[in-house]
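Novice: File coords19.tsv below, TSV, C-alpha atoms:
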```
chain	number	residue	atom	x	y	z
A	17	MET	CA	-21.09	27.12	10.63
A	18	SER	CA	-19.28	27.85	13.86
A	19	PRO	CA	-15.53	28.54	13.71
A	20	LEU	CA	-14.81	25.58	15.98
A	21	LEU	CA	-16.68	23.17	13.74
A	22	GLU	CA	-14.88	24.56	10.71
A	23	LYS	CA	-11.54	24.13	12.46
A	24	ILE	CA	-12.39	20.54	13.35
A	25	LYS	CA	-13.38	19.81	9.75
A	26	THR	CA	-10.12	21.28	8.45
A	27	LEU	CA	-8.15	19.26	10.95
A	28	ALA	CA	-10.03	16.08	10.01
A	29	ALA	CA	-9.33	16.69	6.33
A	30	GLU	CA	-5.64	17.29	7.04
A	31	LEU	CA	-5.45	14.12	9.14
A	32	SER	CA	-7.18	12.17	6.38
A	33	VAL	CA	-4.58	13.37	3.85
A	34	ARG	CA	-1.75	12.48	6.23
A	35	TYR	CA	-3.24	9.05	6.87
A	36	GLU	CA	-3.54	8.39	3.14
A	37	SER	CA	0.06	9.50	2.65
A	38	LEU	CA	1.28	7.17	5.41
A	39	ARG	CA	-0.75	4.31	3.92
A	40	LYS	CA	0.85	4.87	0.50
A	41	ILE	CA	4.34	5.05	2.01
A	42	TRP	CA	3.67	1.85	3.94
A	43	GLN	CA	2.43	0.08	0.80
A	44	TYR	CA	4.82	1.33	-1.84
A	45	SER	CA	8.00	2.75	-0.34
A	46	ASP	CA	11.35	1.12	-0.83
A	47	SER	CA	11.59	-1.73	1.66
A	48	GLN	CA	15.28	-2.64	1.41
A	49	PRO	CA	16.34	-0.78	4.59
A	50	THR	CA	13.53	-2.52	6.50
A	51	GLU	CA	14.58	-5.87	5.09
A	52	ILE	CA	18.18	-5.29	6.14
A	53	THR	CA	17.08	-4.29	9.65
A	54	LEU	CA	14.78	-7.30	9.98
A	55	ALA	CA	17.48	-9.64	8.69
A	56	ALA	CA	20.11	-8.17	11.03
A	57	ALA	CA	17.72	-8.55	13.97
A	58	LEU	CA	17.09	-12.15	12.93
A	59	VAL	CA	20.83	-12.87	12.84
A	60	LEU	CA	21.86	-11.02	16.01
A	61	LEU	CA	18.92	-10.31	18.30
A	62	TYR	CA	16.64	-13.27	17.64
A	63	PRO	CA	18.89	-16.15	18.78
A	64	ILE	CA	20.17	-14.31	21.86
A	65	ALA	CA	16.76	-13.08	23.00
A	66	THR	CA	15.00	-16.40	22.48
A	67	TYR	CA	17.84	-18.32	24.17
A	68	LEU	CA	17.77	-16.07	27.23
A	69	GLU	CA	14.00	-15.94	27.53
A	70	LEU	CA	12.74	-19.27	26.19
A	71	GLY	CA	15.74	-21.55	26.52
A	72	TYR	CA	17.57	-23.62	23.97
A	73	SER	CA	15.67	-24.16	20.74
A	74	PRO	CA	17.66	-25.31	17.70
A	75	ILE	CA	14.91	-24.27	15.25
A	76	MET	CA	15.00	-20.70	16.49
A	77	GLN	CA	18.65	-20.30	17.35
A	78	ILE	CA	20.28	-22.10	14.45
A	79	LEU	CA	17.89	-21.82	11.53
A	80	ALA	CA	16.79	-18.21	12.14
A	81	PRO	CA	20.27	-16.65	11.75
A	82	ILE	CA	20.72	-18.67	8.56
A	83	ALA	CA	17.41	-17.26	7.29
A	84	GLY	CA	18.58	-13.76	8.22
A	85	LEU	CA	21.83	-14.24	6.32
A	86	TYR	CA	19.86	-15.54	3.35
A	87	GLN	CA	17.70	-12.41	3.41
A	88	LEU	CA	20.83	-10.21	3.45
A	89	TYR	CA	22.21	-12.22	0.53
A	90	CYS	CA	18.97	-11.71	-1.43
A	91	VAL	CA	18.78	-7.97	-0.73
A	92	SER	CA	22.36	-7.54	-1.91
A	93	GLY	CA	21.59	-9.57	-5.04
A	94	LYS	CA	18.62	-7.38	-6.05
A	95	CYS	CA	16.64	-10.44	-7.19
A	96	LEU	CA	12.95	-9.84	-6.47
A	97	SER	CA	11.75	-13.45	-6.35
A	98	CYS	CA	14.65	-14.31	-4.03
A	99	ARG	CA	13.70	-11.36	-1.81
A	100	VAL	CA	10.07	-12.50	-1.70
A	101	ARG	CA	11.17	-15.99	-0.67
A	102	ALA	CA	13.57	-14.70	1.97
A	103	SER	CA	11.00	-12.23	3.34
A	104	PHE	CA	8.46	-15.00	3.67
A	105	ILE	CA	10.95	-17.09	5.66
A	106	THR	CA	11.78	-14.07	7.85
A	107	PHE	CA	8.08	-13.43	8.43
A	108	SER	CA	7.59	-17.08	9.39
A	109	PHE	CA	10.40	-16.91	11.94
A	110	TYR	CA	9.08	-13.73	13.55
A	111	LEU	CA	5.61	-15.21	13.66
A	112	LEU	CA	7.10	-18.34	15.21
A	113	ALA	CA	8.71	-16.21	17.93
A	114	ALA	CA	5.39	-14.49	18.65
A	115	VAL	CA	3.62	-17.86	18.81
A	116	MET	CA	6.34	-19.34	21.06
A	117	TYR	CA	6.10	-16.40	23.45
A	118	LEU	CA	2.34	-16.72	23.43
A	119	TYR	CA	2.59	-20.46	24.10
A	120	CYS	CA	4.99	-19.89	27.00
A	121	GLY	CA	2.68	-17.24	28.42
A	122	LYS	CA	5.26	-14.48	28.12
A	123	LEU	CA	3.66	-12.37	25.43
A	124	PHE	CA	1.43	-10.50	27.84
A	125	GLN	CA	3.90	-10.32	30.69
A	126	GLY	CA	5.48	-7.15	29.38
A	127	ALA	CA	4.98	-4.70	26.55
A	128	SER	CA	8.52	-5.26	25.27
A	129	TYR	CA	7.55	-8.82	24.28
A	130	TRP	CA	5.06	-7.36	21.81
A	131	GLY	CA	8.09	-6.44	19.77
A	132	TRP	CA	7.84	-9.88	18.16
A	133	VAL	CA	4.34	-9.06	16.98
A	134	LEU	CA	5.64	-5.76	15.69
A	135	PHE	CA	8.47	-7.56	13.87
A	136	SER	CA	5.91	-9.96	12.38
A	137	ILE	CA	3.74	-7.11	11.10
A	138	SER	CA	6.76	-5.27	9.76
A	139	SER	CA	8.12	-8.33	7.96
A	140	PHE	CA	4.68	-9.08	6.51
A	141	GLY	CA	4.38	-5.49	5.25
A	142	SER	CA	7.80	-5.75	3.72
A	143	LEU	CA	6.84	-9.05	2.07
A	144	LYS	CA	3.71	-7.48	0.59
A	145	ARG	CA	5.63	-4.49	-0.74
A	146	ILE	CA	8.17	-6.68	-2.55
A	147	LYS	CA	5.44	-8.85	-4.02
A	148	LYS	CA	3.64	-5.72	-5.23
A	149	GLU	CA	6.83	-4.50	-6.86
A	150	GLU	CA	7.28	-7.89	-8.53
A	151	LEU	CA	3.72	-7.84	-9.87
A	152	HIS	CA	4.13	-4.24	-10.97
A	153	ARG	CA	7.24	-5.14	-12.96
A	154	SER	CA	5.73	-8.27	-14.46
A	155	ASN	CA	2.76	-6.20	-15.66
A	156	GLY	CA	5.23	-3.89	-17.40
A	157	GLN	CA	3.94	-0.78	-15.67
B	26	MET	CA	9.72	-26.55	26.29
B	27	ASP	CA	10.50	-29.99	24.85
B	28	ASN	CA	11.62	-30.64	21.31
B	29	SER	CA	8.39	-32.20	20.07
B	30	THR	CA	6.37	-29.17	21.20
B	31	GLN	CA	8.82	-26.89	19.47
B	32	ILE	CA	8.58	-28.86	16.25
B	33	ILE	CA	4.78	-28.93	16.36
B	34	LEU	CA	4.61	-25.20	17.02
B	35	ALA	CA	7.10	-24.52	14.23
B	36	VAL	CA	5.13	-26.63	11.75
B	37	VAL	CA	1.82	-25.05	12.76
B	38	THR	CA	3.30	-21.55	12.49
B	39	LEU	CA	4.86	-22.33	9.14
B	40	LEU	CA	1.55	-23.64	7.81
B	41	GLY	CA	-0.26	-20.66	9.28
B	42	SER	CA	2.14	-18.12	7.79
B	43	ALA	CA	1.99	-19.95	4.44
B	44	GLY	CA	-1.81	-19.76	4.56
B	45	ILE	CA	-1.79	-16.07	5.43
B	46	TRP	CA	0.70	-15.35	2.68
B	47	ARG	CA	-1.20	-17.43	0.11
B	48	TYR	CA	-4.34	-15.43	0.87
B	49	ALA	CA	-2.54	-12.07	0.74
B	50	GLU	CA	-0.69	-13.04	-2.46
B	51	THR	CA	-3.91	-14.04	-4.19
B	52	ARG	CA	-5.52	-10.73	-3.20
B	53	LEU	CA	-2.52	-8.79	-4.50
B	54	LYS	CA	-2.59	-10.71	-7.79
B	55	VAL	CA	-6.31	-10.12	-8.26
B	56	LYS	CA	-5.88	-6.41	-7.55
B	57	ALA	CA	-2.94	-6.17	-9.95
B	58	GLU	CA	-4.97	-7.93	-12.66
B	59	GLN	CA	-7.91	-5.57	-12.11
B	60	LYS	CA	-5.60	-2.56	-12.29
B	61	LYS	CA	-4.06	-3.89	-15.49
B	62	GLU	CA	-7.47	-4.42	-17.07
B	63	GLU	CA	-8.64	-0.97	-16.01
B	64	GLN	CA	-5.53	0.60	-17.46
B	65	SER	CA	-5.74	-1.26	-20.73
B	66	ALA	CA	-9.39	-0.21	-21.09
B	67	SER	CA	-8.92	3.41	-20.10
B	68	ASP	CA	-9.15	6.15	-22.73
B	69	THR	CA	-5.86	7.70	-21.68
B	70	ILE	CA	-3.95	4.50	-22.39
B	71	LEU	CA	-5.73	4.02	-25.74
B	72	TYR	CA	-4.96	7.63	-26.66
B	73	ARG	CA	-1.32	7.18	-25.65
B	74	ASP	CA	-1.01	4.00	-27.75
B	75	ASP	CA	-2.61	5.81	-30.69
B	76	LEU	CA	-0.17	8.68	-30.31
B	77	LYS	CA	2.77	6.28	-30.18
B	78	LYS	CA	1.61	4.67	-33.43
B	79	ARG	CA	1.21	8.04	-35.09
B	80	VAL	CA	4.66	9.17	-33.98
B	81	GLU	CA	6.17	5.99	-35.43
B	82	GLU	CA	4.33	6.53	-38.74
B	83	MET	CA	5.40	10.17	-38.92
B	84	ASP	CA	8.99	9.24	-38.16
B	85	ARG	CA	8.99	6.70	-40.99
B	86	ALA	CA	7.40	9.24	-43.38
B	87	LEU	CA	10.00	11.85	-42.41
B	88	LYS	CA	12.85	9.44	-43.17
B	89	GLU	CA	11.34	8.60	-46.58
B	90	ALA	CA	10.84	12.29	-47.40
B	91	ASN	CA	14.45	13.03	-46.43
B	92	GLN	CA	15.65	10.27	-48.73
B	93	GLU	CA	13.51	11.61	-51.63
B	94	LEU	CA	14.78	15.13	-51.00
B	95	LEU	CA	18.36	13.88	-51.16
B	96	GLU	CA	17.72	12.10	-54.46
B	97	LEU	CA	16.00	15.18	-55.93
B	98	THR	CA	18.89	17.43	-54.86
B	99	GLN	CA	21.32	15.08	-56.60
B	100	LYS	CA	19.19	15.11	-59.77
B	101	VAL	CA	18.94	18.93	-59.75
B	102	ALA	CA	22.73	19.23	-59.35
B	103	LYS	CA	23.21	16.83	-62.25
B	104	LEU	CA	20.76	18.75	-64.47
B	105	GLU	CA	22.40	22.06	-63.57
B	106	THR	CA	25.76	20.75	-64.71
B	107	GLU	CA	24.27	19.42	-67.95
B	108	ASN	CA	22.53	22.75	-68.52
B	109	THR	CA	25.75	24.67	-68.06
B	110	PHE	CA	27.54	22.49	-70.65
B	111	LEU	CA	24.66	22.76	-73.11
B	112	ARG	CA	24.58	26.57	-72.82
B	113	ARG	CA	28.29	26.68	-73.43
B	114	GLU	CA	27.90	24.48	-76.54
B	115	ILE	CA	25.04	26.71	-77.80
B	116	ASP	CA	27.24	29.77	-77.36
B	117	ILE	CA	30.05	28.10	-79.27
B	118	LEU	CA	27.69	27.10	-82.10
B	119	LYS	CA	26.22	30.61	-82.24
B	120	SER	CA	29.61	32.21	-82.44
B	121	LYS	CA	30.50	30.03	-85.44
```
For this file, write the structure as structure tokens.

Specialist:
Amino acid sequence: MSPLLEKIKTLAAELSVRYESLRKIWQYSDSQPTEITLAAALVLLYPIATYLELGYSPIMQILAPIAGLYQLYCVSGKCLSCRVRASFITFSFYLLAAVMYLYCGKLFQGASYWGWVLFSISSFGSLKRIKKEELHRSNGQ
Amino acid sequence: MDNSTQIILAVVTLLGSAGIWRYAETRLKVKAEQKKEEQSASDTILYRDDLKKRVEEMDRALKEANQELLELTQKVAKLETENTFLRREIDILKSK
């Protein structure tokens, strides 16, 4: 086997290990800091950004900060089912923002608008992690 | 964007996110169940449970043995005292 091929194989194996590690971190790591960040963005960033870019929308600018505050309340309370509920609501709001931007034709106007999609993916990942933790605890593992 | 459009989009998104979540939740539950079944059937878990049972049995046996040992020590002490008195009485009788 040529040295180059061997080097490529070693690199591929290393990358595979790193990818697996990242996948495990994404699936199982502690999601509270992410939840707090997502909730804070929902309270502060979400209403301002949507008001400036989409106009007045009571669903997005009044209900979303309430949902963000609820998520912060749940994270501080350490109740898993409450966190699952709050994360689902947060995910729904971020998805709503992405859909609204898509509907208004703004989503593909600039890469920064894709942030809402990123927020949606992040909140969904967070939601899955908490649910996994809940199932893990209920199974007594 | 008018209010009715906003409401319709919100409802559609909510239903969509609920559907996505329902699907993901079901998958997670199925996976968790499978993992649980695999674990309960695996030899390692069975061996661990067996070891736990044995440790509990040995602990109980140890406590019982300790109790018996304590009782026997008390009996031996009692017999030793009796023996000492009896020897003394024998000595007294012999000297008479």

Novice: Pick out the chain A residues within 7 Å of chain B. Count only C-alpha atoms. Give them as a list of chain:residue names.

Specialist: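 Those within range of chain B come out as A:Ser108, A:Leu111, A:Leu112, A:Lys148, A:Leu151.
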
Novice: Taking C-alpha atoms for each residue, export the selection above as a compact mmCIF listing (two decimals), keeping the file's coordinate frame.

Specialist:
```txt
# COMPACT_ATOMS: atom_id res chain seq x y z
CA SER A 108 7.59 -17.08 9.39
CA LEU A 111 5.61 -15.21 13.66
CA LEU A 112 7.10 -18.34 15.21
CA LYS A 148 3.64 -5.72 -5.23
CA LEU A 151 3.72 -7.84 -9.87
```

Novice: I need the residue nearest Phe104 in chain A from this list: A:Ile137, A:Val33, A:Leu21, A:Met116. Use all atoms listed in the file for the distance.

Specialist: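 Under the stated criterion, the closest residue is A:Ile137.
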
Novice: Suppose you want the space between CA of Ser142 in chain A and CA of Ser103 in chain A; what is it in Å?

Specialist: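 CA of Ser103 in chain A lies 7.2 Å from CA of Ser142 in chain A.
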
Novice: Point out the residue among A:Ile64, A:Ile24, A:Ala57, A:Val115 with the least atom-to-atom distance to Ala83 in chain A, counting all atoms listed in the file.

Specialist: A:Ala57

Novice: Mind checking which residues fall within 10 Å of Ala80 in chain A, counting all atoms listed in the file, ignoring those fewer than 5 positions away in the same chain, and posting them as a count of residues only?

Specialist: 16

Novice: Using all atoms listed in the file, which residues sit within 10 Å of Thr53 in chain A once same-chain residues fewer than 6 positions away are excluded, as a PyMOL selection string?

Specialist: chain A and resi 59+84+88+139

Novice: Each side padded by 8 Å, which centre and which edge lengths in Å (one decimal) define the axis-aligned box around the listed atoms of range 124-139 of chain A? Give them as lines of an AutoDock Vina configuration file.

Specialist:
```
center_x = 5.0
center_y = -7.6
center_z = 19.3
size_x = 23.1
size_y = 21.8
size_z = 38.7
```

Novice: Could you please determine the separation between CA of Gly131 in chain A and CA of Glu69 in chain A in Å, to one decimal place?

Specialist: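 Going from CA of Gly131 in chain A over to CA of Glu69 in chain A covers 13.6 Å.
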
Novice: Interatomic distance between CA of Cys90 in chain A and CA of Thr66 in chain A?

Specialist: 24.7 Å

Novice: Between A:Ser37, A:Gln48, A:Lys25, A:Arg153, which residue has the minimum interatomic distance to Lys94 in chain A, considering all atoms listed in the file?

Specialist: A:Gln48

Novice: B:Thr98, B:Leu76, B:Lys103, B:Ser29: which is nearest Ser73 in chain A, counting all atoms listed in the file?

Specialist: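 The closest residue to Ser73 in chain A is B:Ser29.
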
Novice: For each of A:Trp130, A:Phe124, A:Tyr117, A:Phe107, take the minimum atom-to-atom distance to Leu54 in chain A, counting only C-alpha atoms, then give the residue where this is smallest.

Specialist: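 Smallest distance to Leu54 in chain A is found for A:Phe107.
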
Novice: Please supply range 131-151 of chain A, rebuilt with N, CA, C and O atoms, as a short mmCIF file (atom, residue, chain, number, x, y, z; two decimals), in the coordinates of the input.

Specialist:
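As written to disk, selection_39.cif reads:
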```cif
data_model
loop_
_atom_site.label_atom_id
_atom_site.label_comp_id
_atom_site.auth_asym_id
_atom_site.auth_seq_id
_atom_site.Cartn_x
_atom_site.Cartn_y
_atom_site.Cartn_z
N GLY A 131 7.16 -6.73 20.87
CA GLY A 131 8.09 -6.44 19.77
C GLY A 131 8.08 -7.53 18.71
O GLY A 131 8.23 -7.26 17.52
N TRP A 132 7.86 -8.77 19.14
CA TRP A 132 7.84 -9.88 18.16
C TRP A 132 6.63 -9.76 17.24
O TRP A 132 6.73 -10.08 16.06
N VAL A 133 5.54 -9.29 17.81
CA VAL A 133 4.34 -9.06 16.98
C VAL A 133 4.62 -7.92 16.00
O VAL A 133 4.27 -8.00 14.81
N LEU A 134 5.29 -6.90 16.53
CA LEU A 134 5.64 -5.76 15.69
C LEU A 134 6.57 -6.19 14.54
O LEU A 134 6.38 -5.81 13.38
N PHE A 135 7.55 -7.03 14.89
CA PHE A 135 8.47 -7.56 13.87
C PHE A 135 7.68 -8.38 12.83
O PHE A 135 7.97 -8.30 11.63
N SER A 136 6.71 -9.14 13.30
CA SER A 136 5.91 -9.96 12.38
C SER A 136 5.14 -9.07 11.41
O SER A 136 5.12 -9.32 10.20
N ILE A 137 4.52 -8.03 11.95
CA ILE A 137 3.74 -7.11 11.10
C ILE A 137 4.66 -6.41 10.11
O ILE A 137 4.36 -6.31 8.91
N SER A 138 5.81 -5.97 10.63
CA SER A 138 6.76 -5.27 9.76
C SER A 138 7.26 -6.17 8.64
O SER A 138 7.34 -5.75 7.47
N SER A 139 7.60 -7.42 8.99
CA SER A 139 8.12 -8.33 7.96
C SER A 139 7.02 -8.69 6.95
O SER A 139 7.29 -8.85 5.75
N PHE A 140 5.78 -8.78 7.43
CA PHE A 140 4.68 -9.08 6.51
C PHE A 140 4.44 -7.90 5.55
O PHE A 140 4.21 -8.10 4.35
N GLY A 141 4.51 -6.69 6.10
CA GLY A 141 4.38 -5.49 5.25
C GLY A 141 5.46 -5.43 4.21
O GLY A 141 5.22 -5.13 3.04
N SER A 142 6.67 -5.74 4.64
CA SER A 142 7.80 -5.75 3.72
C SER A 142 7.60 -6.80 2.60
O SER A 142 7.83 -6.53 1.42
N LEU A 143 7.12 -7.96 3.02
CA LEU A 143 6.84 -9.05 2.07
C LEU A 143 5.80 -8.61 1.03
O LEU A 143 5.97 -8.83 -0.18
N LYS A 144 4.76 -7.95 1.50
CA LYS A 144 3.71 -7.48 0.59
C LYS A 144 4.24 -6.43 -0.40
O LYS A 144 3.89 -6.43 -1.58
N ARG A 145 5.08 -5.55 0.12
CA ARG A 145 5.63 -4.49 -0.74
C ARG A 145 6.47 -5.09 -1.87
O ARG A 145 6.36 -4.69 -3.03
N ILE A 146 7.31 -6.07 -1.52
CA ILE A 146 8.17 -6.68 -2.55
C ILE A 146 7.32 -7.41 -3.59
O ILE A 146 7.59 -7.34 -4.79
N LYS A 147 6.30 -8.11 -3.10
CA LYS A 147 5.44 -8.85 -4.02
C LYS A 147 4.73 -7.87 -4.97
O LYS A 147 4.60 -8.14 -6.17
N LYS A 148 4.30 -6.73 -4.40
CA LYS A 148 3.64 -5.72 -5.23
C LYS A 148 4.59 -5.22 -6.31
O LYS A 148 4.20 -5.04 -7.47
N GLU A 149 5.83 -4.99 -5.91
CA GLU A 149 6.83 -4.50 -6.86
C GLU A 149 7.05 -5.54 -7.97
O GLU A 149 7.13 -5.20 -9.15
N GLU A 150 7.09 -6.81 -7.56
CA GLU A 150 7.28 -7.89 -8.53
C GLU A 150 6.12 -7.93 -9.52
O GLU A 150 6.33 -8.04 -10.74
N LEU A 151 4.90 -7.83 -9.00
CA LEU A 151 3.72 -7.84 -9.87
C LEU A 151 3.71 -6.62 -10.79
O LEU A 151 3.37 -6.72 -11.97
#
```
